[in-house]
Amino acid sequence: MTNRREPTIHNRALMVECPCCGCVPGARCLDTRGTPLKPGKVHRERTEAHRERTEAHRERTEAHRERETQR
C-alpha cells in the first residue's frame, strides 16, 4: 500500500493560477521553454495575483465583521 500525500505549499502564491504561463493552482510555473522553475520560484504576475486576492479577501472579512458587530 502506498501512502500518498498532497504536496505542501510553501509559497502561498502557488495557490492561484499563474496569469503569465497559465499553470494551474498548486503547479510550478514554467519558463519560456516549458521547463519548471526552481522550487519556490514563481512569476511576479502570479505573486501580484495572489496579493490582490488576499487583500480582497481581507477587505470582505473586515466588512463582514463590521456588519456582525452592528447587529
# chains A, B, ... in the order shown; residues from 1 in each chain; ligands from 1
call {"tool": "residues_around", "arguments": {"residues": "Ala49 in chain A", "least_positions_apart": "2", "cutoff": "12 Å", "atoms": "only C-alpha atoms", "output": "JSON, numbers by chain"}}
result
{"A": [12, 13, 14, 15, 16, 17, 18, 19, 20, 25, 42, 43, 44, 45, 46, 47, 51, 52, 53, 54, 55, 56]}
call {"tool": "select_by_dssp", "arguments": {"residues": "chain A", "states": "helix (DSSP H, G or I)", "output": "JSON, numbers by chain"}}
result
{"A": [12, 13, 14, 15, 44, 45, 46, 47, 48, 49, 50, 51, 52, 53, 54, 55, 56, 57, 58, 59, 60, 61, 62, 63, 64, 65, 66, 67, 68, 69, 70]}
call {"tool": "residues_around", "arguments": {"residues": "Leu37 in chain A", "least_positions_apart": "6", "cutoff": "12 Å", "atoms": "only C-alpha atoms", "output": "JSON, numbers by chain"}}
result
{"A": [21, 23, 27, 28, 29, 30, 31, 43]}
call {"tool": "write_last_selection", "arguments": {"atoms": "N, CA and C atoms", "output": "CSV table (one decimal), in the first residue's frame"}}
result
chain,number,residue,atom,x,y,z
A,21,CYS,N,2.1,32.1,-17.3
A,21,CYS,CA,2.4,30.9,-18.0
A,21,CYS,C,1.1,30.0,-18.0
A,23,CYS,N,-0.2,28.1,-15.6
A,23,CYS,CA,-0.1,27.0,-14.7
A,23,CYS,C,-1.3,27.0,-13.7
A,27,ALA,N,0.6,24.0,-9.1
A,27,ALA,CA,1.7,23.6,-10.1
A,27,ALA,C,2.7,24.7,-10.1
A,28,ARG,N,4.0,24.3,-10.4
A,28,ARG,CA,5.1,25.2,-10.5
A,28,ARG,C,5.0,25.9,-11.8
A,29,CYS,N,5.4,27.2,-11.8
A,29,CYS,CA,5.5,28.0,-13.1
A,29,CYS,C,6.5,27.4,-14.1
A,30,LEU,N,6.2,27.7,-15.3
A,30,LEU,CA,7.1,27.2,-16.4
A,30,LEU,C,7.8,28.4,-17.1
A,31,ASP,N,9.0,28.1,-17.5
A,31,ASP,CA,9.7,29.2,-18.2
A,31,ASP,C,9.3,29.2,-19.7
A,43,HIS,N,6.4,33.4,-11.1
A,43,HIS,CA,6.4,34.7,-11.9
A,43,HIS,C,5.9,35.8,-11.0
